[in-house]
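Written out below as structure tokens is the structure these notes cover.
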Amino acid sequence: MPKVLIIDDEPLARSIVKEYLQKHPDLELLQECNDGFEGLKAVQDHQPDLIFLDIQMPKISGFEMLELCDPAPHVIFTTAFDEYAIKAFDAHAIDYLLKPFSQERFDKAIAKWKEQSGNRAEKNTDELLETASLSPSQNQRIVVKNGSKIKIIPAADVHYLEAADDYVKIFTQEGYFLKNKTMGHFEKALDPNQFVRSHRSYIVNIQQITRIDPYEKENHIAILRSGAKVPVSRSGYGRLKEVLGI
Amino acid sequence: MPNSPFSINRFRFLFAGCWAVIILTDLYFLHNSYQLSWKAATIDSLISNDLLILLSLLMMNTLRFYLPRGSQYINIVIWGVGLIIGWSFLRRWLLGLLLGGDAFYMNFLESSLLIRSIIGFLLLGCVSLITILWLLFEEQKSSERRKQDAEKLTREAELFKLRQQLQPHFLFNSLNSINALIGSRPDEARKMVQQLSDFLRGTIRKEDKQWVTLREELQYLQLYLDIEKVRFGNRLRTEITVSEQAQEMKIPALLLQPVMENAIKYGLYDTTGETVIKLNAYTEDVNLVVRIENPYDPETSSPKTGTGFGLQSVQRRLALLFARQDLLETAAKDHTFITGIKIPQTLNHA
């Protein structure tokens, strides 16, 4: 029997989903979760077939929680209002329920999920998160998994990012964290006035740069406050100059 | 169309007085310097200058309808030259008719034609210049007035809009809670519909009541808090402390709700457990001070958090009402974010 999770920080919002679920005895409600932390743990523990996920939740948003789920479960979003989120949903989500929603609308979403529940969740979720990450509220910080813990890194604390195969290393004062994303993702998601792609494999926080030295033929190297050295390619140097206004 | 200079009494007398002086001076010179008889001098001065007054009035009226800009001044000069040529012919004909028998005068008339035309032109020029300056000044005054009116309107519209701001999030989530309550606890659903209606009615209230007492504002705030408590259940607690003196002090209507909304938003979304929001109001000198505290997590929130949209609109309102930027202050200490608002009580809250 397919297993279902509800993740929402408002008790009444969870209870309405639970109530609507009673019409679907073929689905088993495993657990209700108060926030993204509980949600993530429950997703990892139970590998549910479908989750109902709110976006605005304490500490980490629904999108941030979903980024950390591996593999990503099938999701039906339940949210009140968020233009960026809705843009993302329209393009890539299985379905989304705008609060308040009716039993009929809920049933429709379930039917749609059953129709699609073959295989396409993974890729769609990635694209969805990619679109959602363009919202201004999302680019202030990066959420990573550090062992079994969740770490929230404010964007200002990031020194630089380095590409590492399928991952990106996020360097901070406390060392580096890995995130399963592309450089292109971070280049788009982070504030372009603060983060510059200095090199094919590097994005640097310009607040951290103390100086830029010439290095070999046409290349440069940026020295950060922490002492770290970040390669700067020729085109990267142009981009840096533009943002720094020199 | 701008006012004529004659709309002001003082100017009318000034105009009449100037021309009286000109007529008398002219008369004096004609008699004394040019040895014209009193009769000839009087008729000449009256005819010449009265005609010139008519020309001046004509010119002033022309300018009222056609105030020249830039290169259009040349048109006015041409118009003035035309008028003066007409004037010369007319006065020569009229004076010839009246004083044709006086050979000495006729001789003077012919020989002084050019110089008197030039003097006439200069006088007309003076009148035109003064009129143009007057009209430009009038125009500037009225555009200034228009600008001020427009600014006042925008300011009022902005204040109205700032008061009305409502987060769609809040509305939809409240409706969702009501939807959930209808099935399980219909009485509570009904109560919440009532609270939400009262709250919404408050936000669309017209501007007849810009100022309310803190007591009224807090009653309204309580509606909002009651709704939020239904939404968030036990997670949200509030502690409100108000000194007796502060209760009756004045505050701009609907000022506190966005601050509270901001505090709840960051308090609730920055902690996973129970959140306590504190509101403390007291008086300090002649000011009412309201402090709102919410917990936050310095590890995950950037310091930017505090200047969310809610607080920007409050800042803007205070600036529009008091022309001061220092009435809203925020501070972050340990795990507490504090928003402090000062409301001066010295203004006339009519």
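The way I read the labels, and the way they are meant: chains A, B, ... in the order of the structure tokens, residue 1 as the first residue of every chain, and ligand 1 as the first ligand shown, with later ones counted on from there.
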
I'd like the contact shell of stretch 224-235 of chain A - 12 Å cut-off, only C-alpha atoms, skipping same-chain residues fewer than 6 positions apart - returned as an MDAnalysis selection string.
chainID A and resid 157:162 171:175 196:218 241:242

Write a file of the just-selected residues containing N, CA and C atoms, as a compact mmCIF listing (two decimals), in the first residue's frame.
# COMPACT_ATOMS: atom_id res chain seq x y z
N ASP A 157 28.46 33.98 4.83
CA ASP A 157 29.52 33.20 5.47
C ASP A 157 30.30 32.32 4.50
N VAL A 158 29.82 32.25 3.26
CA VAL A 158 30.49 31.41 2.28
C VAL A 158 31.72 32.14 1.75
N HIS A 159 32.90 31.47 1.77
CA HIS A 159 34.10 32.10 1.21
C HIS A 159 34.14 31.91 -0.29
N TYR A 160 34.11 30.63 -0.70
CA TYR A 160 34.07 30.37 -2.14
C TYR A 160 33.53 28.97 -2.39
N LEU A 161 33.21 28.69 -3.63
CA LEU A 161 32.70 27.37 -3.99
C LEU A 161 33.61 26.77 -5.05
N GLU A 162 33.78 25.45 -4.95
CA GLU A 162 34.66 24.78 -5.91
C GLU A 162 33.95 23.56 -6.46
N PHE A 171 33.05 26.30 0.72
CA PHE A 171 34.07 26.61 1.73
C PHE A 171 33.60 27.71 2.66
N THR A 172 33.69 27.42 3.97
CA THR A 172 33.37 28.43 4.99
C THR A 172 34.50 28.40 6.01
N GLN A 173 34.34 29.23 7.02
CA GLN A 173 35.33 29.27 8.09
C GLN A 173 35.51 27.90 8.74
N GLU A 174 34.41 27.13 8.79
CA GLU A 174 34.46 25.83 9.48
C GLU A 174 34.92 24.70 8.58
N GLY A 175 35.45 25.03 7.41
CA GLY A 175 35.83 23.97 6.49
C GLY A 175 34.85 23.94 5.34
N VAL A 196 30.77 35.79 -7.72
CA VAL A 196 31.19 35.88 -9.11
C VAL A 196 31.87 34.57 -9.52
N ARG A 197 31.50 34.10 -10.70
CA ARG A 197 32.15 32.91 -11.24
C ARG A 197 33.52 33.33 -11.75
N SER A 198 34.54 33.12 -10.93
CA SER A 198 35.87 33.61 -11.28
C SER A 198 36.59 32.66 -12.23
N HIS A 199 36.05 31.45 -12.31
CA HIS A 199 36.76 30.40 -13.06
C HIS A 199 35.71 29.33 -13.34
N ARG A 200 35.96 28.49 -14.34
CA ARG A 200 34.99 27.45 -14.66
C ARG A 200 34.61 26.64 -13.42
N SER A 201 35.58 26.40 -12.55
CA SER A 201 35.33 25.56 -11.38
C SER A 201 35.23 26.33 -10.06
N TYR A 202 35.18 27.65 -10.13
CA TYR A 202 35.16 28.41 -8.88
C TYR A 202 34.15 29.56 -8.92
N ILE A 203 33.47 29.73 -7.77
CA ILE A 203 32.65 30.93 -7.56
C ILE A 203 33.15 31.56 -6.28
N VAL A 204 33.41 32.86 -6.30
CA VAL A 204 34.02 33.49 -5.14
C VAL A 204 33.11 34.58 -4.57
N ASN A 205 33.12 34.69 -3.24
CA ASN A 205 32.39 35.76 -2.55
C ASN A 205 33.28 37.00 -2.54
N ILE A 206 32.88 38.04 -3.25
CA ILE A 206 33.78 39.19 -3.42
C ILE A 206 34.07 39.91 -2.10
N GLN A 207 33.19 39.72 -1.10
CA GLN A 207 33.44 40.34 0.20
C GLN A 207 34.68 39.76 0.87
N GLN A 208 35.06 38.56 0.43
CA GLN A 208 36.17 37.87 1.09
C GLN A 208 37.52 38.15 0.44
N ILE A 209 37.49 38.78 -0.74
CA ILE A 209 38.74 38.98 -1.48
C ILE A 209 39.55 40.10 -0.84
N THR A 210 40.84 39.84 -0.59
CA THR A 210 41.69 40.93 -0.10
C THR A 210 42.52 41.51 -1.25
N ARG A 211 42.99 40.64 -2.15
CA ARG A 211 43.66 41.19 -3.33
C ARG A 211 43.66 40.19 -4.47
N ILE A 212 43.93 40.71 -5.66
CA ILE A 212 43.99 39.86 -6.84
C ILE A 212 45.38 40.03 -7.47
N ASP A 213 46.13 38.92 -7.56
CA ASP A 213 47.49 39.00 -8.11
C ASP A 213 47.54 38.37 -9.49
N PRO A 214 48.43 38.86 -10.34
CA PRO A 214 48.66 38.17 -11.63
C PRO A 214 49.26 36.80 -11.36
N TYR A 215 48.99 35.87 -12.25
CA TYR A 215 49.46 34.51 -12.02
C TYR A 215 49.67 33.86 -13.36
N GLU A 216 50.88 33.45 -13.62
CA GLU A 216 51.23 32.88 -14.92
C GLU A 216 50.79 33.80 -16.05
N LYS A 217 50.68 33.24 -17.25
CA LYS A 217 50.47 34.09 -18.43
C LYS A 217 49.32 35.10 -18.27
N GLU A 218 48.12 34.66 -18.66
CA GLU A 218 47.01 35.62 -18.68
C GLU A 218 46.07 35.45 -17.50
N LYS A 241 36.11 42.30 -12.36
CA LYS A 241 36.35 43.74 -12.48
C LYS A 241 35.03 44.49 -12.59
N GLU A 242 34.10 43.89 -13.34
CA GLU A 242 32.81 44.55 -13.54
C GLU A 242 32.04 44.69 -12.22

Please identify all polymer residues within 12 Å of A:Ser61, counting only C-alpha atoms, omitting same-chain residues fewer than 3 positions from it, and present them as a PyMOL selection string.
(chain A and resi 7-9+34-37+39-40+53-58+64-68+77+79+85+129+132-133+137-138+141-143+152) or (chain B and resi 269-270)

Interface, chain B side, toward chain A (12 Å; only C-alpha atoms) as a ChimeraX atom specification:
/B:167-185,188-189,228-236,264-275,296-305,308

Residue selection dump (C-alpha atoms) as a short mmCIF file (atom, residue, chain, number, x, y, z; two decimals), in the first residue's frame:
data_model
loop_
_atom_site.label_atom_id
_atom_site.label_comp_id
_atom_site.auth_asym_id
_atom_site.auth_seq_id
_atom_site.Cartn_x
_atom_site.Cartn_y
_atom_site.Cartn_z
CA GLN B 167 -0.03 39.78 3.54
CA PRO B 168 -1.93 37.43 1.24
CA HIS B 169 -0.18 34.60 3.08
CA PHE B 170 -2.00 35.45 6.25
CA LEU B 171 -5.37 35.63 4.58
CA PHE B 172 -5.12 32.36 2.67
CA ASN B 173 -3.65 30.44 5.56
CA SER B 174 -6.42 31.73 7.83
CA LEU B 175 -9.03 30.62 5.33
CA ASN B 176 -7.34 27.24 5.19
CA SER B 177 -7.53 26.94 8.98
CA ILE B 178 -11.21 27.82 8.89
CA ASN B 179 -11.71 25.19 6.21
CA ALA B 180 -10.13 22.62 8.51
CA LEU B 181 -12.17 23.72 11.53
CA ILE B 182 -15.49 23.51 9.70
CA GLY B 183 -15.32 19.72 9.65
CA SER B 184 -14.09 19.08 13.16
CA ARG B 185 -14.99 22.12 15.29
CA GLU B 188 -14.51 27.56 16.44
CA ALA B 189 -14.70 27.97 12.68
CA GLU B 228 -2.59 33.57 14.49
CA LYS B 229 -2.95 31.50 17.65
CA VAL B 230 -5.61 29.37 16.03
CA ARG B 231 -3.28 28.83 13.09
CA PHE B 232 -0.17 27.97 15.04
CA GLY B 233 -1.76 26.37 18.07
CA ASN B 234 0.45 26.06 21.12
CA ARG B 235 3.55 27.21 19.32
CA LEU B 236 2.67 30.88 19.66
CA ILE B 264 5.75 36.36 14.54
CA LYS B 265 7.06 35.48 11.12
CA TYR B 266 10.69 35.52 12.17
CA GLY B 267 9.99 34.17 15.62
CA LEU B 268 8.02 31.21 14.35
CA TYR B 269 10.10 30.51 11.30
CA ASP B 270 13.36 30.75 13.13
CA THR B 271 12.59 28.40 15.97
CA THR B 272 10.99 24.99 15.93
CA GLY B 273 9.56 24.97 19.44
CA GLU B 274 7.30 27.34 21.32
CA THR B 275 7.71 31.00 20.48
CA TYR B 296 15.63 34.44 16.49
CA ASP B 297 18.57 32.30 15.65
CA PRO B 298 21.72 34.28 14.84
CA GLU B 299 23.27 31.20 13.25
CA THR B 300 20.72 30.88 10.52
CA SER B 301 19.31 34.35 10.03
CA SER B 302 21.36 36.96 8.34
CA PRO B 303 21.13 40.31 10.16
CA LYS B 304 19.13 41.50 7.15
CA THR B 305 16.14 39.66 8.53
CA GLY B 308 11.76 42.80 6.00
#

DSSP-assigned strand (DSSP E) members of stretch 57-246 of chain A, reported as an NGL selection string:
:A and (74-79 or 95-98 or 141-146 or 149-154 or 160-164 or 167-172 or 175-179 or 195-199 or 202-205 or 209-215 or 219-224 or 229-232)
